[in-house]
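For reference, the structure discussed in these notes is given below.
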Amino acid sequence: MDDGSYQCETGPLAAGSTDTNMPLFSCLVANSRKEILASDSEHKCINVYDFDLHLQSSFGFDENCKLSYPKGLAVDKRDNVYVCDTVKNRVVQFSCNGKYICDIGVGHLKKPGFISVSKTWPPNIAVSQPTEKRITVFQKGENVFEEDYT
């Protein structure tokens with residue numbers, strides 16, 4: 001059985017690392033564009049890495065969607081990104097290039113932690129709220145997916 005071979009690592013405790021300003025990764029997800037997305041709760045953003053762990057870009061800093069404490073992270077079949085923003089009690093949807101699309105679940109979520117997105121289109125979204133011991137599902141029809149994806 002092949003269990004994979006070591007390729008690389010990053011972080012302050014990685015072999016040979018001298019960087020003490022590393023992100024606090026809360027969640028990782030890979031997309032179909034051969035990128036690794038990491039929610040960085042310390043720097044309040046989403047970091048995008050290639051599979052050699054070189055930082056490609058970051059997003060979530062814009063005034064209209066500024067992230068407070070990004071935690072759970074998921075992508076849909078079109079590589080749109082969904083981020084649980086625990087402090088602001090919402091899920092934020094971004095395009096595959098990090099452009100803000102919309103907020104999801106405002107008024108329905110309390111400290112969202114983790115998220116799962118279906119591979120159907122439009123996707124269904126399940127969000128855990130650990131402090132409430134609850135999972136909330138959002139489906140097509142709630143002003144969540146009114147964005148034009150053509």
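In the structure tokens, chains take the letters A, B, ... in the order shown, each chain's residues start at 1, and ligands count up from 1 in the order shown.
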Spatial neighbours of Tyr82 in chain A, 6 Å, only C-alpha atoms, chain gap at least 5 places, as a PyMOL selection string: chain A and resi 73-74+92-93
Strand (DSSP E) per DSSP on the backbone: members of range 13-101 of chain A, as a PyMOL selection string: chain A and resi 25-30+36-40+45-49+55-59+70-75+81-85+90-94+100-101
Contact residues around Cys65 in chain A with only C-alpha atoms at 10 Å, ignoring same-chain residues under 5 positions, as number ranges by chain: A: 59-60, 92-94, 99-103
Interatomic distance (Å, one decimal) between CA of Arg90 in chain A and CA of Ile104 in chain A: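 CA of Ile104 in chain A lies 5.9 Å from CA of Arg90 in chain A.
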All residues 10 Å or closer to Ser128 in chain A, only C-alpha atoms, same chain fewer than 6 positions away omitted, as a list in words: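 After dropping sequence-adjacent residues, the list is Gly72, Cys84, Leu109, Lys110, Lys111, Pro112, Gly113, Phe114, Ile115, Ser116, Arg134, Ile135, Thr136 and Val137 of chain A.
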Atomic distance CA of Leu67 in chain A - CA of Trp121 in chain A, expressed in Å with one decimal: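 CA of Trp121 in chain A lies at a distance of 25.7 Å from CA of Leu67 in chain A.
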Shortest interatomic distance to His108 in chain A - which of A:Leu24, A:Val91, A:Val75, A:Ala30, counting only C-alpha atoms: A:Val91
Gap from CA of Asn47 in chain A to CA of Arg78 in chain A - Å, one decimal: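 Separation of CA of Asn47 in chain A and CA of Arg78 in chain A: 18.3 Å.
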For Gly105 in chain A, the nearest of the candidates A:Val83, A:Ala38, A:Lys119, A:Gln7, counting only C-alpha atoms: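 When distances to Gly105 in chain A are compared using only C-alpha atoms, the smallest one comes from A:Val83.
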